[in-house]
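Here is the structure we will look at, set down as structure tokens.
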Amino acid sequence: MALKITVIGTGYLGATHAAAMAELGFEVLGLDVVPEKIEMLQRGEVPMYEPGLEDLLRRHVAGLEGSSGRLRFTTDFPEVAAFGDVHFLCVNTPQKHGEYACDMSYVESALASLAPHLRGPALVVGKSTVPVGSADRLAAYLAEHAPAGGDAELAWNPEFLREGFAVRDTLHPDRIVVGVRSERAEKLLREVYATPVEEGSPFVVTDFPTAELVKTSANSFLATKISFINAMAEVCEAADGDVAKLAEAIGYDDRIGRKFLRAGIGFGGGCLPKDIRAFMARAGELGADQALTFLREIDSINMRQRGRMVELTRQALGGGPFLGKRVAVLGATFKPDSDDVRDSPALNVAGQVHLQGAQVTVYDPKGMDNARRLFPTLGYADSALEAVRGADVVLHLTEWREFRELDPQVLGEAVSAKVVLDGRNALDPEVWRKAGWTYRAMGRPTA
Ligand code: UDX
């Protein structure tokens, strides 16, 4: 009989995982403690913008026309416990308020709500990003609190999905990593992931700590790559070099690779920044903090880029105070194809410029509602053209395709000064310069 799967927590990770499991042919029950989220999902609506996710969901949510009916949602833990053979924990692990460490309270409360109802054989699979050592502790908790005793087991299976590509990354992962303590756990997870494994996704079996560390070290590596190229951008600026050319040239070495070498205002979002901080905090607890002191530098290079963008803006406006200047900001989300503004470098820069007295008008294709909620005092416009109207400078801060396709000629007629600062090194300088604009970007020559 096909496995029955539950997914606990229906944010980016959980909603996508639940829909993907249904797509793979399993019966799936998703749970969230927020009833409004569950009501939306039951209608086949996704609480965030993620390309392709709503279609995938609608294909499977029970009760929707033409759906497979394999995907249902609930807020009831006993129902979940009774339903599933495999329970995926997909809850959030944010940064603790006022600390670097990771807040494990959602993971802990999910397990505390589930465990007492597990009466028969079950595999609980953690997907959330957690400090190394958590799985060991949670396994002990499960053994103690599940009536099934040893029949209720834990495994750790980190998730590597990227926002904007969540559906593709979940259905066709570039690797599947499982931390397990028994053959039974491995066998169950091989069954869950049989389709992607058949299609060629590598299946890496390891212990708990390694599985947990794979996730945090992968994110640390990515963050390091970005801060590395941003450090090179600073040097290029001092030496009159061109960081975009430099990235291209070093990227041809396939040991280095082209990806994640786009200099600009740096990384943000709900993962990279908090994950490297939690990793440092955990290494400190383990007495291995020296090994990760470099991450402190990665973090500070990254945060510095936001300030550098503000300074570049000030220079572009003549070097004086921001008071009375009009600044257009294109982009609010932390990356394109997402509506996520968590720790968004774009919104951070917009906020800093605004707090220093400029009149800031922001436009983003999908992030407007979230941006408004987080930063209600900024000005917002309904289109790029409206945002730039009368602007003394235009900041390009999130590299949406829509912005690359803008016609600098048309925009040029709306602004008060044709100055564009490309915080993502994603616009074509030649096109803008040809249309009479002053184009500037971090780590690149002035003209
Ligand atoms: C990241 C990891 O990529 C993913 O594997 C993990 O599961 C979760 O964290 P995500 O947060 O969706 O995914 O964003 P990602 O695509 O990694 O981008 C992170 C940030 O880095 C964005 O703000 C992006 O603009 C920035 N970035 C990326 C750069 O500044 N330069 C680059 O070259 C690439």
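The way I read the labels, and the way they are meant: chains A, B, ... in the order of the structure tokens, residue 1 as the first residue of every chain, and ligand 1 as the first ligand shown, with later ones counted on from there.
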
Selection within 6 Å of ligand 1 by only C-alpha atoms and all ligand atoms, output as a PyMOL selection string: chain A and resi 159-163+219+226+260-264+266-272+334-335

Shell around stretch 345-359 of chain A at 8 Å using only C-alpha atoms, local window under 5 positions removed, as a PyMOL selection string: chain A and resi 265-268+306-307+309-310+321-327+329+331-334+371+375+378-379+397-398

Every residue of stretch 22-226 of chain A that DSSP places in helix (DSSP H, G or I), as a PyMOL selection string: chain A and resi 22-23+35-42+53-60+77-83+105-117+134-145+149-151+166-171+183-192+194-198+208-226

All residues 9 Å or closer to A:Leu154, only C-alpha atoms, same chain fewer than 2 positions away omitted, as an MDAnalysis selection string: chainID A and resid 122:126 135:136 138:139 142:143 152 156 180:181 185

Given the selection you just returned, output its residues as a file containing N, CA, C and O atoms, formatted as a compact mmCIF listing (two decimals), in the first residue's frame.
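In the end it all went to selection_1.txt:
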```
# COMPACT_ATOMS: atom_id res chain seq x y z
N ALA A 122 5.80 4.84 13.08
CA ALA A 122 5.79 6.12 12.37
C ALA A 122 7.22 6.62 12.24
O ALA A 122 8.05 6.36 13.11
N LEU A 123 7.47 7.33 11.13
CA LEU A 123 8.75 7.98 10.97
C LEU A 123 8.52 9.49 10.95
O LEU A 123 7.78 10.00 10.11
N VAL A 124 9.15 10.19 11.90
CA VAL A 124 9.06 11.64 11.93
C VAL A 124 10.33 12.18 11.27
O VAL A 124 11.44 11.81 11.66
N VAL A 125 10.16 13.00 10.24
CA VAL A 125 11.31 13.45 9.46
C VAL A 125 11.44 14.96 9.56
O VAL A 125 10.59 15.70 9.07
N GLY A 126 12.51 15.40 10.18
CA GLY A 126 12.74 16.84 10.29
C GLY A 126 13.29 17.41 9.00
O GLY A 126 14.21 16.85 8.41
N ALA A 135 18.67 17.04 16.28
CA ALA A 135 17.99 15.78 15.94
C ALA A 135 18.19 14.74 17.03
O ALA A 135 17.25 14.02 17.40
N ASP A 136 19.40 14.70 17.56
CA ASP A 136 19.69 13.74 18.63
C ASP A 136 18.78 13.99 19.83
O ASP A 136 18.16 13.07 20.38
N LEU A 138 15.90 15.67 19.82
CA LEU A 138 14.49 15.47 19.49
C LEU A 138 14.15 13.99 19.41
O LEU A 138 13.04 13.57 19.74
N ALA A 139 15.12 13.17 19.00
CA ALA A 139 14.89 11.72 18.93
C ALA A 139 14.64 11.16 20.33
O ALA A 139 13.76 10.32 20.54
N LEU A 142 11.21 12.12 21.39
CA LEU A 142 10.19 11.31 20.71
C LEU A 142 10.08 9.93 21.37
O LEU A 142 8.97 9.45 21.64
N ALA A 143 11.22 9.30 21.62
CA ALA A 143 11.23 7.97 22.23
C ALA A 143 10.50 7.99 23.57
O ALA A 143 9.79 7.05 23.93
N ALA A 152 8.21 4.61 16.95
CA ALA A 152 8.16 5.97 16.42
C ALA A 152 9.59 6.48 16.37
O ALA A 152 10.25 6.62 17.38
N TRP A 156 16.49 12.88 9.86
CA TRP A 156 16.68 14.28 9.49
C TRP A 156 16.98 14.39 8.00
O TRP A 156 17.82 13.66 7.48
N VAL A 180 19.88 9.14 9.23
CA VAL A 180 19.01 8.08 9.76
C VAL A 180 19.75 7.23 10.80
O VAL A 180 20.99 7.20 10.83
N ARG A 181 18.97 6.52 11.60
CA ARG A 181 19.57 5.64 12.60
C ARG A 181 19.15 4.19 12.41
O ARG A 181 19.48 3.35 13.24
N ALA A 185 14.26 3.32 8.61
CA ALA A 185 14.10 4.75 8.28
C ALA A 185 14.61 5.03 6.87
O ALA A 185 13.97 5.72 6.08
```

7 Å contact set for stretch 410-417 of chain A, only C-alpha atoms, chain neighbours under 5 positions out, as a list in words: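 Skipping anything fewer than 5 positions along the chain leaves Leu385, Val388, Arg389, Gly390, Ala391, Asp392 and Val393 of chain A.
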
Could you write out that same residue set with N, CA, C and O atoms as a compact mmCIF listing (two decimals), in the first residue's frame?
```txt
# COMPACT_ATOMS: atom_id res chain seq x y z
N LEU A 385 7.21 52.94 -13.89
CA LEU A 385 7.13 54.27 -14.49
C LEU A 385 6.61 55.30 -13.48
O LEU A 385 7.13 56.41 -13.38
N VAL A 388 9.31 56.17 -10.81
CA VAL A 388 10.44 57.03 -11.18
C VAL A 388 10.03 58.46 -11.53
O VAL A 388 10.89 59.31 -11.73
N ARG A 389 8.75 58.72 -11.61
CA ARG A 389 8.29 60.05 -12.02
C ARG A 389 8.87 61.15 -11.12
O ARG A 389 8.70 61.12 -9.91
N GLY A 390 9.62 62.05 -11.70
CA GLY A 390 10.19 63.17 -10.95
C GLY A 390 11.42 62.82 -10.12
O GLY A 390 11.92 63.65 -9.36
N ALA A 391 11.93 61.60 -10.25
CA ALA A 391 13.03 61.15 -9.38
C ALA A 391 14.35 61.83 -9.73
O ALA A 391 14.66 62.07 -10.89
N ASP A 392 15.13 62.10 -8.68
CA ASP A 392 16.48 62.63 -8.88
C ASP A 392 17.48 61.51 -9.09
O ASP A 392 18.58 61.73 -9.58
N VAL A 393 17.10 60.31 -8.65
CA VAL A 393 17.95 59.13 -8.88
C VAL A 393 17.07 57.88 -8.81
O VAL A 393 16.08 57.85 -8.07
```

A:Asn230: which residues within 10 Å, counting only C-alpha atoms, same-chain residues fewer than 2 positions away excluded, as a compact mmCIF listing (two decimals) with all heavy atoms, in the first residue's frame?
```txt
# COMPACT_ATOMS: atom_id res chain seq x y z
N THR A 224 29.29 32.84 1.60
CA THR A 224 30.71 33.18 1.45
C THR A 224 31.02 33.60 0.01
O THR A 224 31.74 34.55 -0.25
CB THR A 224 31.58 31.98 1.86
OG1 THR A 224 31.28 31.66 3.22
CG2 THR A 224 33.07 32.31 1.76
N LYS A 225 30.43 32.86 -0.93
CA LYS A 225 30.65 33.20 -2.35
C LYS A 225 30.17 34.61 -2.64
O LYS A 225 30.87 35.39 -3.28
CB LYS A 225 29.88 32.20 -3.23
CG LYS A 225 30.81 31.28 -4.02
CD LYS A 225 30.07 30.44 -5.03
CE LYS A 225 30.85 30.44 -6.35
NZ LYS A 225 30.27 29.54 -7.35
N ILE A 226 28.99 34.94 -2.14
CA ILE A 226 28.44 36.27 -2.41
C ILE A 226 29.29 37.35 -1.74
O ILE A 226 29.63 38.36 -2.35
CB ILE A 226 26.97 36.37 -1.93
CG1 ILE A 226 26.10 35.35 -2.67
CG2 ILE A 226 26.43 37.77 -2.14
CD1 ILE A 226 24.70 35.21 -2.10
N SER A 227 29.65 37.12 -0.48
CA SER A 227 30.45 38.15 0.20
C SER A 227 31.85 38.24 -0.41
O SER A 227 32.46 39.31 -0.44
CB SER A 227 30.54 37.89 1.70
OG SER A 227 29.36 38.38 2.32
N PHE A 228 32.36 37.13 -0.91
CA PHE A 228 33.66 37.17 -1.57
C PHE A 228 33.61 38.12 -2.77
O PHE A 228 34.45 39.01 -2.91
CB PHE A 228 34.07 35.76 -2.05
CG PHE A 228 35.30 35.78 -2.91
CD1 PHE A 228 36.57 35.81 -2.35
CD2 PHE A 228 35.19 35.82 -4.30
CE1 PHE A 228 37.70 35.89 -3.15
CE2 PHE A 228 36.32 35.89 -5.11
CZ PHE A 228 37.58 35.92 -4.53
N MET A 232 35.45 41.71 -3.49
CA MET A 232 36.19 42.03 -4.72
C MET A 232 35.64 43.31 -5.36
O MET A 232 36.39 44.09 -5.94
CB MET A 232 36.10 40.87 -5.74
CG MET A 232 36.81 39.60 -5.31
SD MET A 232 38.53 39.88 -4.83
CE MET A 232 38.45 39.54 -3.09
N ALA A 233 34.34 43.51 -5.22
CA ALA A 233 33.73 44.73 -5.77
C ALA A 233 34.30 45.96 -5.07
O ALA A 233 34.59 46.97 -5.71
CB ALA A 233 32.21 44.68 -5.61
N GLU A 234 34.49 45.85 -3.77
CA GLU A 234 35.07 46.98 -3.03
C GLU A 234 36.48 47.27 -3.53
O GLU A 234 36.86 48.43 -3.73
CB GLU A 234 35.12 46.68 -1.53
CG GLU A 234 33.75 46.74 -0.85
CD GLU A 234 33.85 46.57 0.68
OE1 GLU A 234 34.75 47.16 1.30
OE2 GLU A 234 33.03 45.82 1.24
N VAL A 235 37.26 46.19 -3.74
CA VAL A 235 38.63 46.38 -4.21
C VAL A 235 38.63 46.94 -5.64
O VAL A 235 39.40 47.83 -5.97
CB VAL A 235 39.43 45.06 -4.13
CG1 VAL A 235 40.84 45.25 -4.65
CG2 VAL A 235 39.45 44.53 -2.71
N CYS A 236 37.73 46.39 -6.47
CA CYS A 236 37.64 46.88 -7.86
C CYS A 236 37.36 48.37 -7.87
O CYS A 236 37.94 49.12 -8.65
CB CYS A 236 36.51 46.17 -8.61
SG CYS A 236 37.00 44.55 -9.23
N VAL A 243 34.13 44.53 -11.50
CA VAL A 243 33.85 43.27 -10.81
C VAL A 243 33.01 42.31 -11.66
O VAL A 243 33.12 41.09 -11.52
CB VAL A 243 33.18 43.52 -9.43
CG1 VAL A 243 31.73 43.95 -9.59
CG2 VAL A 243 33.27 42.26 -8.57
N LEU A 261 28.06 34.63 -8.05
CA LEU A 261 29.15 35.61 -8.06
C LEU A 261 28.63 36.94 -8.61
O LEU A 261 29.35 37.63 -9.30
CB LEU A 261 30.31 35.10 -8.91
CG LEU A 261 31.20 34.02 -8.28
CD1 LEU A 261 32.36 33.68 -9.21
CD2 LEU A 261 31.75 34.45 -6.92
N ARG A 262 27.38 37.25 -8.32
CA ARG A 262 26.87 38.55 -8.75
C ARG A 262 27.02 39.54 -7.61
O ARG A 262 26.40 39.43 -6.57
CB ARG A 262 25.40 38.44 -9.21
CG ARG A 262 25.00 39.60 -10.09
CD ARG A 262 23.69 39.39 -10.84
NE ARG A 262 22.94 38.23 -10.35
CZ ARG A 262 22.23 38.22 -9.25
NH1 ARG A 262 22.16 39.29 -8.48
NH2 ARG A 262 21.57 37.14 -8.90
N ALA A 263 27.91 40.53 -7.83
CA ALA A 263 28.14 41.54 -6.79
C ALA A 263 26.94 42.48 -6.72
O ALA A 263 26.20 42.63 -7.69
CB ALA A 263 29.40 42.33 -7.12
N GLY A 264 26.75 43.08 -5.58
CA GLY A 264 25.63 44.00 -5.43
C GLY A 264 25.37 44.28 -3.97
O GLY A 264 26.29 44.28 -3.15
N ILE A 265 24.09 44.50 -3.64
CA ILE A 265 23.77 44.89 -2.26
C ILE A 265 23.65 43.69 -1.33
O ILE A 265 23.29 43.84 -0.17
CB ILE A 265 22.50 45.78 -2.19
CG1 ILE A 265 21.31 45.08 -2.84
CG2 ILE A 265 22.77 47.12 -2.84
CD1 ILE A 265 20.00 45.84 -2.65
N GLY A 266 23.99 42.49 -1.83
CA GLY A 266 24.18 41.36 -0.92
C GLY A 266 22.98 40.48 -0.70
O GLY A 266 21.92 40.68 -1.29
N ILE A 298 31.96 37.45 6.75
CA ILE A 298 31.02 37.28 5.64
C ILE A 298 29.76 38.11 5.91
O ILE A 298 29.25 38.81 5.03
CB ILE A 298 30.62 35.78 5.50
CG1 ILE A 298 31.84 34.91 5.18
CG2 ILE A 298 29.51 35.59 4.47
CD1 ILE A 298 32.64 35.33 4.00
N ILE A 301 30.68 41.93 5.71
CA ILE A 301 30.83 42.38 4.30
C ILE A 301 29.43 42.56 3.72
O ILE A 301 29.11 43.56 3.08
CB ILE A 301 31.61 41.37 3.45
CG1 ILE A 301 33.07 41.26 3.89
CG2 ILE A 301 31.54 41.74 1.95
CD1 ILE A 301 33.84 40.12 3.26
N ASN A 302 28.58 41.58 4.00
CA ASN A 302 27.23 41.61 3.43
C ASN A 302 26.44 42.83 3.91
O ASN A 302 25.83 43.53 3.12
CB ASN A 302 26.49 40.33 3.79
CG ASN A 302 25.16 40.22 3.08
OD1 ASN A 302 25.11 40.29 1.85
ND2 ASN A 302 24.08 40.07 3.82
N ARG A 304 27.61 45.55 5.05
CA ARG A 304 28.26 46.77 4.59
C ARG A 304 27.75 47.21 3.22
O ARG A 304 27.69 48.38 2.90
CB ARG A 304 29.76 46.51 4.54
CG ARG A 304 30.61 47.74 4.43
CD ARG A 304 31.98 47.50 5.02
NE ARG A 304 32.80 46.61 4.19
CZ ARG A 304 33.57 45.65 4.67
NH1 ARG A 304 33.61 45.40 5.97
NH2 ARG A 304 34.30 44.91 3.87
N GLN A 305 27.37 46.23 2.39
CA GLN A 305 26.93 46.57 1.02
C GLN A 305 25.71 47.50 1.05
O GLN A 305 25.56 48.36 0.19
CB GLN A 305 26.58 45.32 0.21
CG GLN A 305 27.72 44.33 0.06
CD GLN A 305 29.03 44.99 -0.26
OE1 GLN A 305 29.15 45.76 -1.20
NE2 GLN A 305 30.05 44.69 0.56
N MET A 442 27.92 48.96 -8.19
CA MET A 442 28.98 48.71 -7.23
C MET A 442 30.08 47.89 -7.88
O MET A 442 29.81 46.87 -8.52
CB MET A 442 28.39 47.98 -6.03
CG MET A 442 27.51 48.90 -5.21
SD MET A 442 26.27 47.99 -4.35
CE MET A 442 27.04 47.88 -2.75
N GLY A 443 31.32 48.35 -7.71
CA GLY A 443 32.45 47.58 -8.20
C GLY A 443 32.67 47.69 -9.70
O GLY A 443 33.33 46.84 -10.29
```

Nearby residues (only C-alpha atoms) at most 7 Å from A:Ala148, same-chain spacing under 2 positions excluded, as an mmCIF file with C-alpha atoms, in the first residue's frame:
```cif
data_model
loop_
_atom_site.group_PDB
_atom_site.id
_atom_site.type_symbol
_atom_site.label_atom_id
_atom_site.label_comp_id
_atom_site.auth_asym_id
_atom_site.auth_seq_id
_atom_site.Cartn_x
_atom_site.Cartn_y
_atom_site.Cartn_z
ATOM 1 C CA LEU A 118 1.806 8.374 17.831
ATOM 2 C CA ARG A 119 0.444 4.979 18.803
ATOM 3 C CA GLY A 120 1.803 2.867 15.951
ATOM 4 C CA PRO A 121 4.893 2.683 13.753
ATOM 5 C CA ALA A 146 5.367 8.592 21.831
ATOM 6 C CA GLY A 150 10.802 2.680 19.598
ATOM 7 C CA ASP A 151 8.348 2.212 16.731
ATOM 8 C CA ALA A 152 8.158 5.972 16.419
#
```

Counting only C-alpha atoms, the residue of A:Val197, A:Val362, A:Ala426, A:Val419 that sits nearest A:Trp400: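 Smallest distance to A:Trp400 is found for A:Ala426.
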
Residues near A:Gly164, cut-off 6 Å, only C-alpha atoms, skip fewer than 3 positions along chain, as a PyMOL selection string: chain A and resi 50+337-338

All strand (DSSP E) positions in stretch 181-247 of chain A, as a ChimeraX atom specification: /A:203-206

Produce a file of the selected residues containing N, CA and C atoms, as a CSV table (one decimal), in the first residue's frame.
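Contents of selection-v1.csv, freshly written:
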```csv
chain,number,residue,atom,x,y,z
A,203,PHE,N,21.2,10.3,-3.6
A,203,PHE,CA,20.6,10.0,-2.3
A,203,PHE,C,21.7,9.8,-1.4
A,204,VAL,N,22.0,10.7,-0.5
A,204,VAL,CA,23.1,10.6,0.5
A,204,VAL,C,22.6,10.2,1.8
A,205,VAL,N,23.1,9.1,2.3
A,205,VAL,CA,22.7,8.6,3.6
A,205,VAL,C,23.8,8.8,4.6
A,206,THR,N,23.4,9.4,5.7
A,206,THR,CA,24.4,9.8,6.7
A,206,THR,C,23.8,9.8,8.1
```

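Atom CA of A:Met40 is found 12.4 Å from atom CA of A:Leu64.
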
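Counting only C-alpha atoms and comparing A:Ala112, A:Ala328, A:Ala441, A:Leu427, the residue that lies closest to A:Ala387 is A:Ala328.
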
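Remark: for A:Tyr439, the closest of the candidate residues A:Asp275, A:Thr313, A:Glu79, A:Asp340 is A:Thr313 (distances computed over only C-alpha atoms).
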
Given only C-alpha atoms as the counted atoms, nearest of A:Phe73, A:Phe208, A:Phe165, A:Tyr100 to A:Gly44: A:Phe73

Separation of atom CA of A:Gly179 from atom CA of A:Gly84, in Å and rounded to one decimal: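 Between atom CA of A:Gly179 and atom CA of A:Gly84 the gap is 19.9 Å.
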
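Counting only C-alpha atoms, the residue from A:Ala244, A:Ile8, A:Leu114, A:Ile229 that sits nearest to A:Ile256 is A:Ile229.
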
For A:Arg72, the nearest of the candidates A:Asp103, A:Glu39, A:Asp85, A:Glu248, counting only C-alpha atoms: A:Glu39
